[in-house]
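So this one's model-v5.cif, mmCIF, C-alpha atoms:
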data_work
loop_
_atom_site.label_atom_id
_atom_site.label_comp_id
_atom_site.auth_asym_id
_atom_site.auth_seq_id
_atom_site.Cartn_x
_atom_site.Cartn_y
_atom_site.Cartn_z
CA MET A 1 2.06 4.43 5.32
CA VAL A 2 0.17 5.41 2.15
CA LEU A 3 2.43 5.55 -0.91
CA ALA A 4 1.53 8.28 -3.39
CA SER A 5 4.92 9.11 -4.90
CA GLY A 6 4.55 7.33 -8.24
CA ALA A 7 3.46 8.95 -11.50
CA GLY A 8 0.97 6.38 -12.80
CA THR A 9 1.48 7.21 -16.48
CA ARG A 10 -0.62 4.30 -17.77
CA VAL A 11 -3.82 5.95 -16.61
CA GLY A 12 -3.26 8.54 -19.35
CA ALA A 13 -3.56 11.73 -17.26
CA LYS A 14 -1.10 14.60 -16.81
CA LEU A 15 -2.01 14.66 -13.11
CA ASN A 16 -0.61 12.05 -10.71
CA LYS A 17 -3.36 9.43 -10.81
CA VAL A 18 -3.85 9.35 -7.02
CA TYR A 19 -5.19 12.92 -7.19
CA LEU A 20 -7.72 12.20 -9.92
CA PRO A 21 -11.36 12.48 -8.86
CA VAL A 22 -13.43 9.41 -8.11
CA ALA A 23 -16.93 9.62 -6.60
CA GLY A 24 -16.45 13.25 -5.60
CA ARG A 25 -13.06 12.91 -3.89
CA ARG A 26 -9.47 12.41 -4.96
CA VAL A 27 -8.34 8.78 -5.21
CA VAL A 28 -5.90 8.96 -2.29
CA ALA A 29 -8.51 10.50 0.00
CA TRP A 30 -10.46 7.24 0.09
CA SER A 31 -7.47 5.25 1.37
CA LEU A 32 -6.58 7.83 4.01
CA ASP A 33 -10.16 7.84 5.26
CA ALA A 34 -10.20 4.04 5.53
CA PHE A 35 -6.99 3.98 7.59
CA ALA A 36 -8.18 6.83 9.81
CA ARG A 37 -11.19 4.72 10.84
CA VAL A 38 -9.16 1.71 12.06
CA PRO A 39 -8.57 1.43 15.83
CA GLY A 40 -4.89 0.83 16.54
CA ILE A 41 -3.61 2.98 13.65
CA ASP A 42 -1.87 5.77 15.57
CA VAL A 43 0.35 7.35 12.89
CA LEU A 44 -0.61 8.03 9.28
CA VAL A 45 2.16 8.88 6.81
CA LEU A 46 1.50 10.02 3.25
CA VAL A 47 4.53 9.61 0.97
CA ILE A 48 4.41 12.09 -1.91
CA ARG A 49 6.37 13.60 -4.78
CA PRO A 50 7.61 17.13 -3.94
CA GLN A 51 5.73 18.56 -6.93
CA ASP A 52 2.45 17.21 -5.51
CA THR A 53 2.76 19.03 -2.18
CA GLU A 54 -0.12 21.46 -2.77
CA LEU A 55 -2.44 18.69 -3.95
CA ALA A 56 -1.51 16.61 -0.90
CA ARG A 57 -2.21 19.51 1.45
CA GLU A 58 -5.61 19.95 -0.17
CA VAL A 59 -6.43 16.31 0.54
CA LEU A 60 -5.11 16.54 4.09
CA ALA A 61 -7.43 19.43 4.90
CA ALA A 62 -9.94 16.70 5.79
CA HIS A 63 -7.42 15.20 8.26
CA PRO A 64 -5.97 18.20 10.11
CA GLY A 65 -2.97 17.17 12.18
CA GLU A 66 -3.57 13.47 11.56
CA VAL A 67 -1.25 12.78 8.63
CA GLU A 68 2.51 13.31 8.34
CA LEU A 69 3.96 14.12 4.90
CA VAL A 70 7.20 12.56 3.65
CA HIS A 71 8.84 13.06 0.27
CA GLY A 72 9.42 9.88 -1.69
CA GLY A 73 12.57 8.63 -3.38
CA ALA A 74 13.54 7.63 -6.90
CA THR A 75 12.00 4.16 -6.50
CA ARG A 76 9.14 2.64 -4.54
CA GLN A 77 11.63 1.04 -2.18
CA GLY A 78 13.44 4.34 -1.77
CA SER A 79 10.15 6.02 -0.90
CA GLU A 80 9.38 3.37 1.69
CA LEU A 81 12.87 3.74 3.18
CA ASN A 82 12.43 7.52 3.44
CA ALA A 83 9.21 7.00 5.36
CA LEU A 84 10.74 4.35 7.62
CA ARG A 85 13.64 6.66 8.42
CA HIS A 86 11.11 9.36 9.24
CA LEU A 87 9.59 6.95 11.77
CA ALA A 88 12.90 5.43 12.92
CA SER A 89 13.13 7.03 16.36
CA ARG A 90 9.59 5.93 17.21
CA ILE A 91 10.28 2.43 15.88
CA GLU A 92 13.47 2.13 17.92
CA SER A 93 11.71 3.33 21.07
CA GLY A 94 8.91 0.80 20.60
CA GLU A 95 6.27 3.49 20.17
CA ILE A 96 5.55 2.06 16.71
CA ASP A 97 5.42 -1.75 16.71
CA ALA A 98 3.98 -2.47 13.25
CA VAL A 99 3.94 -0.73 9.88
CA LEU A 100 1.37 -1.18 7.12
CA LEU A 101 2.30 -0.09 3.60
CA HIS A 102 -0.50 0.69 1.15
CA ASP A 103 -0.71 1.83 -2.46
CA ALA A 104 -2.59 5.13 -2.64
CA ALA A 105 -3.95 3.90 -5.98
CA ARG A 106 -6.08 1.30 -4.17
CA PRO A 107 -8.96 3.52 -2.99
CA LEU A 108 -11.38 0.67 -2.27
CA VAL A 109 -9.48 -0.84 0.64
CA THR A 110 -11.81 -1.30 3.61
CA PRO A 111 -11.20 -0.64 7.31
CA GLU A 112 -12.04 -4.30 7.91
CA LEU A 113 -9.23 -5.54 5.63
CA ILE A 114 -6.78 -3.07 7.16
CA ALA A 115 -7.71 -4.28 10.66
CA ASP A 116 -7.26 -7.93 9.62
CA VAL A 117 -3.79 -7.23 8.20
CA LEU A 118 -2.80 -5.27 11.31
CA ALA A 119 -4.00 -8.04 13.65
CA ASP A 120 -2.09 -10.77 11.80
CA THR A 121 1.00 -8.57 11.52
CA ARG A 122 1.08 -8.20 15.28
CA ARG A 123 0.33 -11.89 15.82
CA TYR A 124 2.69 -13.48 13.27
CA GLY A 125 5.20 -10.78 12.26
CA GLY A 126 3.99 -10.12 8.72
CA ALA A 127 0.77 -10.24 6.72
CA VAL A 128 -0.23 -9.57 3.12
CA PRO A 129 -3.70 -9.64 1.58
CA GLY A 130 -4.31 -11.47 -1.66
CA VAL A 131 -6.89 -13.20 -3.80
CA ALA A 132 -6.61 -16.65 -5.35
CA ALA A 133 -5.02 -16.52 -8.81
CA ASP A 134 -6.93 -19.36 -10.46
CA ASP A 135 -6.07 -18.06 -13.94
CA ILE A 136 -2.28 -18.42 -13.56
CA VAL A 137 -0.79 -21.47 -15.30
CA ARG A 138 2.66 -23.02 -15.69
CA VAL A 139 4.42 -22.72 -19.03
CA ASP A 140 7.03 -25.27 -20.08
CA GLY A 141 8.65 -23.98 -23.25
CA ASP A 142 5.77 -23.45 -25.67
CA SER A 143 3.38 -25.70 -23.74
CA VAL A 144 0.94 -24.90 -20.96
CA SER A 145 1.43 -27.49 -18.24
CA GLY A 146 -1.52 -26.78 -15.98
CA ALA A 147 -2.63 -24.47 -13.22
CA LEU A 148 -0.20 -23.19 -10.59
CA PRO A 149 -1.70 -24.34 -7.28
CA GLY A 150 -1.62 -21.98 -4.35
CA ALA A 151 -0.83 -18.85 -6.34
CA ILE A 152 -2.34 -15.57 -5.16
CA ARG A 153 -2.45 -12.01 -6.47
CA VAL A 154 -0.91 -9.92 -3.72
CA GLN A 155 -2.58 -6.65 -2.73
CA THR A 156 -1.91 -3.95 -0.15
CA PRO A 157 -1.72 -3.02 2.68
CA GLN A 158 1.24 -5.25 3.48
CA GLY A 159 2.10 -5.29 7.17
CA PHE A 160 5.31 -6.10 9.06
CA ARG A 161 6.70 -5.68 12.54
CA ALA A 162 8.37 -2.32 12.49
CA ALA A 163 11.90 -2.98 13.78
CA PRO A 164 12.66 -5.93 11.46
CA LEU A 165 11.16 -3.98 8.56
CA LEU A 166 13.45 -1.00 9.16
CA ASP A 167 16.46 -3.29 9.56
CA ALA A 168 15.66 -5.13 6.32
CA TYR A 169 15.34 -1.91 4.35
CA GLU A 170 18.57 -0.49 5.70
CA THR A 171 20.33 -3.76 4.79
CA ALA A 172 18.81 -3.69 1.30
CA GLU A 173 20.05 -0.13 0.87
CA ARG A 174 23.59 -1.06 1.89
CA GLU A 175 23.63 -4.07 -0.46
CA GLY A 176 22.00 -2.29 -3.39
CA PHE A 177 19.05 -4.69 -3.53
CA VAL A 178 15.78 -3.45 -5.04
CA GLY A 179 12.78 -5.74 -4.60
CA THR A 180 9.52 -5.84 -6.50
CA ASP A 181 7.52 -4.96 -3.39
CA THR A 182 7.81 -4.83 0.39
CA SER A 183 7.32 -8.55 0.90
CA SER A 184 10.13 -9.43 -1.54
CA CYS A 185 12.56 -7.26 0.41
CA MET A 186 11.47 -8.85 3.67
CA GLU A 187 11.74 -12.35 2.21
CA ARG A 188 15.38 -11.68 1.36
CA PHE A 189 16.51 -9.87 4.50
CA SER A 190 14.23 -11.05 7.30
CA ALA A 191 13.15 -14.35 8.84
CA LEU A 192 9.69 -13.04 9.77
CA PRO A 193 6.86 -15.37 8.79
CA VAL A 194 4.35 -13.69 6.50
CA ARG A 195 0.67 -14.61 6.80
CA TRP A 196 -1.78 -14.60 3.89
CA VAL A 197 -4.94 -12.60 4.65
CA PRO A 198 -7.87 -13.08 2.24
CA GLY A 199 -8.15 -9.89 0.20
CA SER A 200 -10.97 -8.65 -1.97
CA ALA A 201 -11.46 -8.49 -5.72
CA GLU A 202 -12.80 -4.97 -5.18
CA ASN A 203 -9.47 -3.85 -3.66
CA LEU A 204 -8.33 -2.98 -7.18
CA LYS A 205 -5.42 -0.76 -8.16
CA ILE A 206 -6.12 2.23 -10.39
CA THR A 207 -3.89 1.54 -13.40
CA TYR A 208 -5.95 2.30 -16.51
CA PRO A 209 -8.75 4.83 -17.18
CA HIS A 210 -11.50 2.21 -16.96
CA ASP A 211 -10.39 1.39 -13.40
CA LEU A 212 -11.65 4.82 -12.32
CA VAL A 213 -15.08 3.99 -13.72
CA VAL A 214 -15.15 0.64 -11.91
CA ALA A 215 -14.04 2.24 -8.63
CA GLU A 216 -16.75 4.88 -8.89
CA GLN A 217 -19.40 2.21 -9.45
CA VAL A 218 -18.22 0.17 -6.46
CA ILE A 219 -18.18 3.24 -4.21
CA GLY A 220 -21.62 4.19 -5.48
CA ARG A 221 -23.03 0.77 -4.53
CA GLY A 222 -21.51 1.08 -1.07
CA GLN A 223 -23.16 4.45 -0.59
CA GLY A 224 -26.54 3.07 -1.57
CA SER A 225 -26.62 4.24 -5.18
CA PRO A 226 -28.71 2.15 -7.59
#
Write out the structure in this file as structure tokens.
Amino acid sequence: MVLASGAGTRVGAKLNKVYLPVAGRRVVAWSLDAFARVPGIDVLVLVIRPQDTELAREVLAAHPGEVELVHGGATRQGSELNALRHLASRIESGEIDAVLLHDAARPLVTPELIADVLADTRRYGGAVPGVAADDIVRVDGDSVSGALPGAIRVQTPQGFRAAPLLDAYETAEREGFVGTDTSSCMERFSALPVRWVPGSAENLKITYPHDLVVAEQVIGRGQGSP
């Protein structure tokens, strides 16, 4: 599930940031391509804003018949719930056993990281990638009291077994709970263990204009550019 239903206003563009160009393609196209190259990913869902339908269809021309479109909700969690309900019959039948949720604004995700998250999701029940947050410290009043050991900066894709994920989101909807991300919702409404998968510093999220420049440079290096 690739989430592209946000606006991304901080990047300073009138266009939804996931459709901005980077290295000759739209941002979201890079994520879709990475997922399409991972064995074991059988269903690709792109969650979009209704007003971005034509842009999404342009991107999906490179993936004919491979990607299902779902309209997002008013919040990130609402968008995820819409997509899970779209998949509900296949989750309940067992056809879909695991779901990975990824920010479309992270175009540098690799097939290798996706495969690692998927493998640990199936093995343990849940998996999230992250990088060590060595620069996070405790604050006690006005005083810094040292580093926070074990802290990580969580990335996407975040993976969970499909049936417990759907159940947790339906419960959250009934109780009016809105979490900060998928893992926070699962922590509250599911007993699934969640495994940490080493992420990558290059798996950055496009938030500000300079992030587009960095992403283009990283992609260029990967394609053999000087």
Expand the PyMOL selection byres ((chain A and resi 183-193) around 10) into the explicit residue set it covers here, and present it as a short mmCIF file (atom, residue, chain, number, x, y, z; two decimals) with C-alpha atoms, keeping the file's coordinate frame.
data_model
loop_
_atom_site.label_atom_id
_atom_site.label_comp_id
_atom_site.auth_asym_id
_atom_site.auth_seq_id
_atom_site.Cartn_x
_atom_site.Cartn_y
_atom_site.Cartn_z
CA GLN A 77 11.63 1.04 -2.18
CA THR A 121 1.00 -8.57 11.52
CA TYR A 124 2.69 -13.48 13.27
CA GLY A 125 5.20 -10.78 12.26
CA GLY A 126 3.99 -10.12 8.72
CA ALA A 127 0.77 -10.24 6.72
CA VAL A 128 -0.23 -9.57 3.12
CA VAL A 154 -0.91 -9.92 -3.72
CA GLN A 158 1.24 -5.25 3.48
CA GLY A 159 2.10 -5.29 7.17
CA PHE A 160 5.31 -6.10 9.06
CA ARG A 161 6.70 -5.68 12.54
CA PRO A 164 12.66 -5.93 11.46
CA LEU A 165 11.16 -3.98 8.56
CA LEU A 166 13.45 -1.00 9.16
CA ASP A 167 16.46 -3.29 9.56
CA ALA A 168 15.66 -5.13 6.32
CA TYR A 169 15.34 -1.91 4.35
CA GLU A 170 18.57 -0.49 5.70
CA THR A 171 20.33 -3.76 4.79
CA ALA A 172 18.81 -3.69 1.30
CA PHE A 177 19.05 -4.69 -3.53
CA VAL A 178 15.78 -3.45 -5.04
CA GLY A 179 12.78 -5.74 -4.60
CA THR A 180 9.52 -5.84 -6.50
CA ASP A 181 7.52 -4.96 -3.39
CA THR A 182 7.81 -4.83 0.39
CA VAL A 194 4.35 -13.69 6.50
CA ARG A 195 0.67 -14.61 6.80
CA TRP A 196 -1.78 -14.60 3.89
#
(message) Given the PyMOL selection byres ((chain A and resi 213) around 12) and the file above, list the residues it selects as a ChimeraX atom specification.
(response) /A:11,20-23,27,204,206-212,214-220
(message) Which residues, named as in the file, does the PyMOL selection byres ((chain A and resi 132) around 8) pick out? Answer as an MDAnalysis selection string.
(response) chainID A and resid 130:131 133:134 150:153
Using the file's own x, y and z axes, so that the box edges lie along x, y and z, what centre and edge lengths in Å (one decimal) does a box around every listed atom of stretch 63-68 of chain A get when 3 Å is added on each side? Give it as JSON.
{"center_x": -2.5, "center_y": 15.5, "center_z": 10.2, "size_x": 15.9, "size_y": 11.4, "size_z": 9.9}
(message) Restricting the calculation to all atoms listed in the file: of A:Arg37, A:His63, A:Arg85, A:Lys205, which residue gets closest to A:Thr110?
(response) A:Arg37
Missing atoms in stretch 204-217 of chain A: can you complete it with N, CA and C atoms, as an mmCIF file, in the coordinates of the input?
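Written out: result.cif:
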data_model
loop_
_atom_site.group_PDB
_atom_site.id
_atom_site.type_symbol
_atom_site.label_atom_id
_atom_site.label_comp_id
_atom_site.auth_asym_id
_atom_site.auth_seq_id
_atom_site.Cartn_x
_atom_site.Cartn_y
_atom_site.Cartn_z
ATOM 1 N N LEU A 204 -9.075 -3.105 -5.918
ATOM 2 C CA LEU A 204 -8.330 -2.980 -7.180
ATOM 3 C C LEU A 204 -7.378 -1.782 -7.141
ATOM 4 N N LYS A 205 -6.379 -1.856 -8.024
ATOM 5 C CA LYS A 205 -5.420 -0.760 -8.160
ATOM 6 C C LYS A 205 -5.753 0.042 -9.404
ATOM 7 N N ILE A 206 -5.841 1.355 -9.251
ATOM 8 C CA ILE A 206 -6.120 2.230 -10.390
ATOM 9 C C ILE A 206 -4.876 2.241 -11.284
ATOM 10 N N THR A 207 -5.003 1.630 -12.457
ATOM 11 C CA THR A 207 -3.890 1.540 -13.400
ATOM 12 C C THR A 207 -4.257 2.134 -14.744
ATOM 13 N N TYR A 208 -5.467 1.845 -15.213
ATOM 14 C CA TYR A 208 -5.950 2.300 -16.510
ATOM 15 C C TYR A 208 -7.218 3.136 -16.335
ATOM 16 N N PRO A 209 -7.577 3.952 -17.328
ATOM 17 C CA PRO A 209 -8.750 4.830 -17.180
ATOM 18 C C PRO A 209 -10.026 4.106 -16.767
ATOM 19 N N HIS A 210 -10.250 2.899 -17.294
ATOM 20 C CA HIS A 210 -11.500 2.210 -16.960
ATOM 21 C C HIS A 210 -11.555 1.813 -15.487
ATOM 22 N N ASP A 211 -10.389 1.722 -14.824
ATOM 23 C CA ASP A 211 -10.390 1.390 -13.400
ATOM 24 C C ASP A 211 -11.072 2.473 -12.570
ATOM 25 N N LEU A 212 -10.965 3.722 -13.014
ATOM 26 C CA LEU A 212 -11.650 4.820 -12.320
ATOM 27 C C LEU A 212 -13.157 4.643 -12.395
ATOM 28 N N VAL A 213 -13.639 4.205 -13.538
ATOM 29 C CA VAL A 213 -15.080 3.990 -13.720
ATOM 30 C C VAL A 213 -15.556 2.862 -12.813
ATOM 31 N N VAL A 214 -14.781 1.766 -12.769
ATOM 32 C CA VAL A 214 -15.150 0.640 -11.910
ATOM 33 C C VAL A 214 -15.157 1.064 -10.452
ATOM 34 N N ALA A 215 -14.125 1.793 -10.022
ATOM 35 C CA ALA A 215 -14.040 2.240 -8.630
ATOM 36 C C ALA A 215 -15.229 3.115 -8.265
ATOM 37 N N GLU A 216 -15.609 3.998 -9.163
ATOM 38 C CA GLU A 216 -16.750 4.880 -8.890
ATOM 39 C C GLU A 216 -18.032 4.072 -8.744
ATOM 40 N N GLN A 217 -18.205 3.052 -9.549
ATOM 41 C CA GLN A 217 -19.400 2.210 -9.450
ATOM 42 C C GLN A 217 -19.423 1.448 -8.128
#
